[in-house]
2 protein chains.
Amino acid sequence: MAEVVEFADLEVLPLDALAPRERILKTASDLFYRFSVHSVGIDRIIAESGVAKMTFYKHFPSKANLVATYLRHKSAVWFQMLETATQQPGLTAQERILAIFDALDGPFRSPAFRGCPFVKGLAEFGPEADTPDVQATITAYFEGLRELVASLVEPLALPKPERAVIQILSLIQGSIVMAQASRDPLLAEANREAARLLIEGAVGTGASHR
Amino acid sequence: MAEVVEFADLEVLPLDALAPRERILKTASDLFYRFSVHSVGIDRIIAESGVAKMTFYKHFPSKANLVATYLRHKSAVWFQMLETATQQPGLTAQERILAIFDALDGPFRSPAFRGCPFVKGLAEFGPEADTPDVQATITAYFEGLRELVASLVEPLALPKPERAVIQILSLIQGSIVMAQASRDPLLAEANREAARLLIEGAVGTGASHR
DNA sequence: GCAAAGACAGACAGATCTGTCTATATCGCC
DNA sequence: GGCGATATAGACAGATCTGTCTGTCTTTGC
């Protein structure tokens, strides 16, 4: 919870108006996301955030700690966006799920879009890496997303809810990967439609909903 | 075409029976896939492949060249598997598409499975990296997959084939990401079913096929 | 059996990485 | 206005990275 507050306003303020810790985190976040974690050294983060090395190590005891903090930040922002989108009042249960794809459309069109930080994290810090903090953060993200989708699928009372959860999750992650690889403007809409068909098709095989 | 031949038998022979070039490539391939490219240094590849440093640099002028070769290898093996699966005689056009998900089920269950090398490649060598060979190989992979799926969708004569291609591609990539993140044994089957529903649902909206 | 080509072992250079340390400057607060 | 906390600048250590170079050994073809 302090986790969320500490990142407040990170997106809007100019860099030099931020306190050192936030300046470091924002700089690192941008660089890690654009170039990958292993491609960006501490020295570069320090130089671009205009901070002294000792200041950096006072706030972040190690690079791994900074990476974990970066991922927690991305996770918090992303889940907040998802919850805003899916919890809008007046939506049916089905519309809440489809709202995820509507929320993806904007990011997909941004030139700064570089895919999912956690898929990238999995690529750089797989199961054999020795950075438990980082891996735990990545695992928590995927688990959190699964729980969110499961909570949205449950009110539909589908005959095989866990299958629908897998399908929706695959569509979400797949569309993010494809957006990164191809930048097709139809992506979000096509996958929204796919999700709709899946839900309605599953409903057809025998269950009440609303 | 020489590209494919040069990797022949790389998967089966014991390491020390291979010629130096193949030994290097197999060692690098395993290490890159398990630990990520940036986490594995040339020295480690040389040590584990039991080769001299000069021998390495004779066969691969740089690490980037080795990485590109590694990705071309993975691409060739993967497309060969896909073509074997989808071109089986006696399959309908729809079954050819679903055969992709059947082909994925085996790899998903392998403990050595670590996701898609090209998604991981995109994570480590994004658009701002200065390794054109590597990036071109990654781009070619995604383009090749798109073309393969498009060629399988086309005979279905769907009303919106490009939309179906996007949806199928997203399901494929999404299931690969999810398999890496969660290892749910239902993944391939659930997404196969999703693809089937999508195709049949799209057909329903007005077109002949077979 | 011998010459030529290729592989081996390992030192070396130069860059870069994470993390530590010292010494100086600046800022907030009473 | 002065004090304590915090930030700055930058040298430094030790490890590790890619790529080069020098020799010696092994294999292979004739």
# chains A, B, ... in the order shown; residues from 1 in each chain; ligands from 1
call {"tool": "interface_residues", "arguments": {"of": "chain B", "to": "chain D", "cutoff": "12 Å", "atoms": "only C-alpha atoms (C1' of nucleotides)", "output": "list in words"}}
result
His38, Ser39, Val40, Gly41, Ile42, Asp43, Arg44, Lys53, Met54, Phe56, Tyr57, Lys58, Phe60, Pro61, Ser62, Lys63 and Ala64 of chain B
call {"tool": "write_last_selection", "arguments": {"atoms": "C-alpha atoms", "output": "tab-separated table (two decimals), in the first residue's frame"}}
result
chain	number	residue	atom	x	y	z
B	38	HIS	CA	22.72	-11.06	-22.10
B	39	SER	CA	23.17	-13.32	-19.10
B	40	VAL	CA	25.53	-15.67	-20.91
B	41	GLY	CA	29.02	-14.55	-21.82
B	42	ILE	CA	31.24	-15.80	-24.59
B	43	ASP	CA	33.65	-17.25	-22.04
B	44	ARG	CA	30.97	-19.50	-20.62
B	53	LYS	CA	38.52	-19.01	-28.08
B	54	MET	CA	40.15	-18.64	-31.46
B	56	PHE	CA	34.96	-19.73	-31.64
B	57	TYR	CA	35.87	-16.46	-33.31
B	58	LYS	CA	36.84	-18.27	-36.48
B	60	PHE	CA	31.38	-16.71	-35.41
B	61	PRO	CA	32.89	-13.28	-36.00
B	62	SER	CA	31.01	-11.78	-33.04
B	63	LYS	CA	28.55	-12.60	-30.32
B	64	ALA	CA	25.81	-10.80	-32.25
call {"tool": "closest_atom_pairs", "arguments": {"of": "chain B", "to": "chain A", "cutoff": "6 Å", "atoms": "only C-alpha atoms", "output": "JSON lines"}}
result
{"residue": "B:Ser36", "atom": "CA", "partner": "A:Glu124", "partner_atom": "CA", "distance": 5.7}
{"residue": "B:Lys120", "atom": "CA", "partner": "A:Ala123", "partner_atom": "CA", "distance": 4.9}
{"residue": "B:Ala123", "atom": "CA", "partner": "A:Lys120", "partner_atom": "CA", "distance": 4.9}
{"residue": "B:Glu124", "atom": "CA", "partner": "A:Ser36", "partner_atom": "CA", "distance": 5.7}
{"residue": "B:Arg163", "atom": "CA", "partner": "A:Ala190", "partner_atom": "CA", "distance": 5.9}
{"residue": "B:Gln167", "atom": "CA", "partner": "A:Asn191", "partner_atom": "CA", "distance": 5.9}
{"residue": "B:Ser170", "atom": "CA", "partner": "A:Gly174", "partner_atom": "CA", "distance": 4.1}
{"residue": "B:Leu171", "atom": "CA", "partner": "A:Leu171", "partner_atom": "CA", "distance": 5.5}
{"residue": "B:Gln173", "atom": "CA", "partner": "A:Gly174", "partner_atom": "CA", "distance": 4.8}
{"residue": "B:Gly174", "atom": "CA", "partner": "A:Gly174", "partner_atom": "CA", "distance": 3.4}
{"residue": "B:Ser175", "atom": "CA", "partner": "A:Ser170", "partner_atom": "CA", "distance": 5.1}
{"residue": "B:Ala190", "atom": "CA", "partner": "A:Arg163", "partner_atom": "CA", "distance": 5.8}
{"residue": "B:Asn191", "atom": "CA", "partner": "A:Gln167", "partner_atom": "CA", "distance": 5.9}
call {"tool": "write_last_selection", "arguments": {"atoms": "all heavy atoms", "output": "compact mmCIF listing (two decimals), in the first residue's frame"}}
result
# COMPACT_ATOMS: atom_id res chain seq x y z
N SER B 36 18.80 -16.45 -21.03
CA SER B 36 18.76 -15.20 -21.80
C SER B 36 20.13 -14.89 -22.38
O SER B 36 21.15 -15.33 -21.85
CB SER B 36 18.26 -13.99 -20.98
OG SER B 36 19.33 -13.31 -20.35
N LYS B 120 11.34 -13.50 -26.39
CA LYS B 120 12.47 -13.18 -25.52
C LYS B 120 13.49 -12.33 -26.27
O LYS B 120 14.09 -11.41 -25.70
CB LYS B 120 13.12 -14.49 -25.03
CG LYS B 120 12.21 -15.31 -24.13
CD LYS B 120 12.64 -16.77 -24.07
CE LYS B 120 13.73 -17.02 -23.07
NZ LYS B 120 13.26 -17.71 -21.86
N ALA B 123 12.47 -8.89 -26.29
CA ALA B 123 12.67 -8.26 -24.98
C ALA B 123 14.12 -7.79 -24.82
O ALA B 123 14.38 -6.76 -24.22
CB ALA B 123 12.31 -9.24 -23.88
N GLU B 124 15.04 -8.54 -25.35
CA GLU B 124 16.46 -8.20 -25.15
C GLU B 124 17.02 -7.34 -26.27
O GLU B 124 17.98 -6.59 -26.06
CB GLU B 124 17.29 -9.48 -25.04
CG GLU B 124 17.02 -10.25 -23.78
CD GLU B 124 18.17 -11.20 -23.48
OE1 GLU B 124 18.15 -12.35 -23.98
OE2 GLU B 124 19.09 -10.81 -22.76
N ARG B 163 -8.71 -10.31 -39.96
CA ARG B 163 -9.08 -10.31 -38.55
C ARG B 163 -8.87 -11.70 -37.94
O ARG B 163 -8.33 -11.83 -36.83
CB ARG B 163 -10.55 -9.91 -38.39
CG ARG B 163 -11.10 -10.29 -37.04
CD ARG B 163 -12.54 -9.88 -36.85
NE ARG B 163 -12.65 -8.45 -36.67
CZ ARG B 163 -13.74 -7.85 -36.20
NH1 ARG B 163 -14.81 -8.56 -35.90
NH2 ARG B 163 -13.76 -6.55 -36.06
N GLN B 167 -6.45 -12.88 -34.79
CA GLN B 167 -6.97 -13.59 -33.63
C GLN B 167 -6.22 -14.90 -33.40
O GLN B 167 -5.84 -15.22 -32.26
CB GLN B 167 -8.46 -13.85 -33.82
CG GLN B 167 -9.30 -12.57 -33.80
CD GLN B 167 -10.73 -12.78 -34.24
OE1 GLN B 167 -11.03 -13.69 -35.02
NE2 GLN B 167 -11.63 -11.93 -33.77
N SER B 170 -2.75 -14.17 -32.12
CA SER B 170 -2.78 -13.77 -30.72
C SER B 170 -2.98 -14.98 -29.82
O SER B 170 -2.34 -15.09 -28.76
CB SER B 170 -3.91 -12.75 -30.48
OG SER B 170 -3.66 -11.56 -31.22
N LEU B 171 -3.83 -15.89 -30.23
CA LEU B 171 -4.04 -17.10 -29.42
C LEU B 171 -2.75 -17.92 -29.35
O LEU B 171 -2.41 -18.46 -28.29
CB LEU B 171 -5.16 -17.95 -30.02
CG LEU B 171 -6.58 -17.56 -29.65
CD1 LEU B 171 -7.58 -18.46 -30.37
CD2 LEU B 171 -6.80 -17.66 -28.13
N GLN B 173 0.50 -16.88 -29.75
CA GLN B 173 1.51 -16.20 -28.93
C GLN B 173 1.05 -16.12 -27.48
O GLN B 173 1.86 -16.27 -26.56
CB GLN B 173 1.78 -14.79 -29.46
CG GLN B 173 2.34 -14.75 -30.87
CD GLN B 173 3.78 -15.23 -30.95
OE1 GLN B 173 4.36 -15.70 -29.96
NE2 GLN B 173 4.37 -15.13 -32.13
N GLY B 174 -0.23 -15.88 -27.28
CA GLY B 174 -0.73 -15.80 -25.91
C GLY B 174 -0.60 -17.13 -25.19
O GLY B 174 -0.22 -17.17 -24.01
N SER B 175 -0.88 -18.21 -25.87
CA SER B 175 -0.77 -19.50 -25.19
C SER B 175 0.69 -19.80 -24.86
O SER B 175 0.99 -20.38 -23.82
CB SER B 175 -1.39 -20.61 -26.05
OG SER B 175 -0.67 -20.78 -27.24
N ALA B 190 -7.33 -25.70 -24.33
CA ALA B 190 -8.26 -24.58 -24.18
C ALA B 190 -8.13 -23.60 -25.35
O ALA B 190 -9.13 -23.09 -25.87
CB ALA B 190 -8.01 -23.85 -22.86
N ASN B 191 -6.92 -23.37 -25.79
CA ASN B 191 -6.74 -22.42 -26.88
C ASN B 191 -7.08 -23.03 -28.24
O ASN B 191 -7.48 -22.32 -29.16
CB ASN B 191 -5.31 -21.86 -26.86
CG ASN B 191 -5.15 -20.80 -25.80
OD1 ASN B 191 -5.76 -19.74 -25.87
ND2 ASN B 191 -4.35 -21.09 -24.78
call {"tool": "interface_residues", "arguments": {"of": "chain C", "to": "chain A", "cutoff": "10 Å", "atoms": "only C-alpha atoms (C1' of nucleotides)", "output": "MDAnalysis selection string"}}
result
chainID C and resid 16:21
call {"tool": "atom_distance", "arguments": {"atom1": "CA of Thr55 (chain B)", "atom2": "C1' of DA15 (chain C)"}}
result
23.0 Å
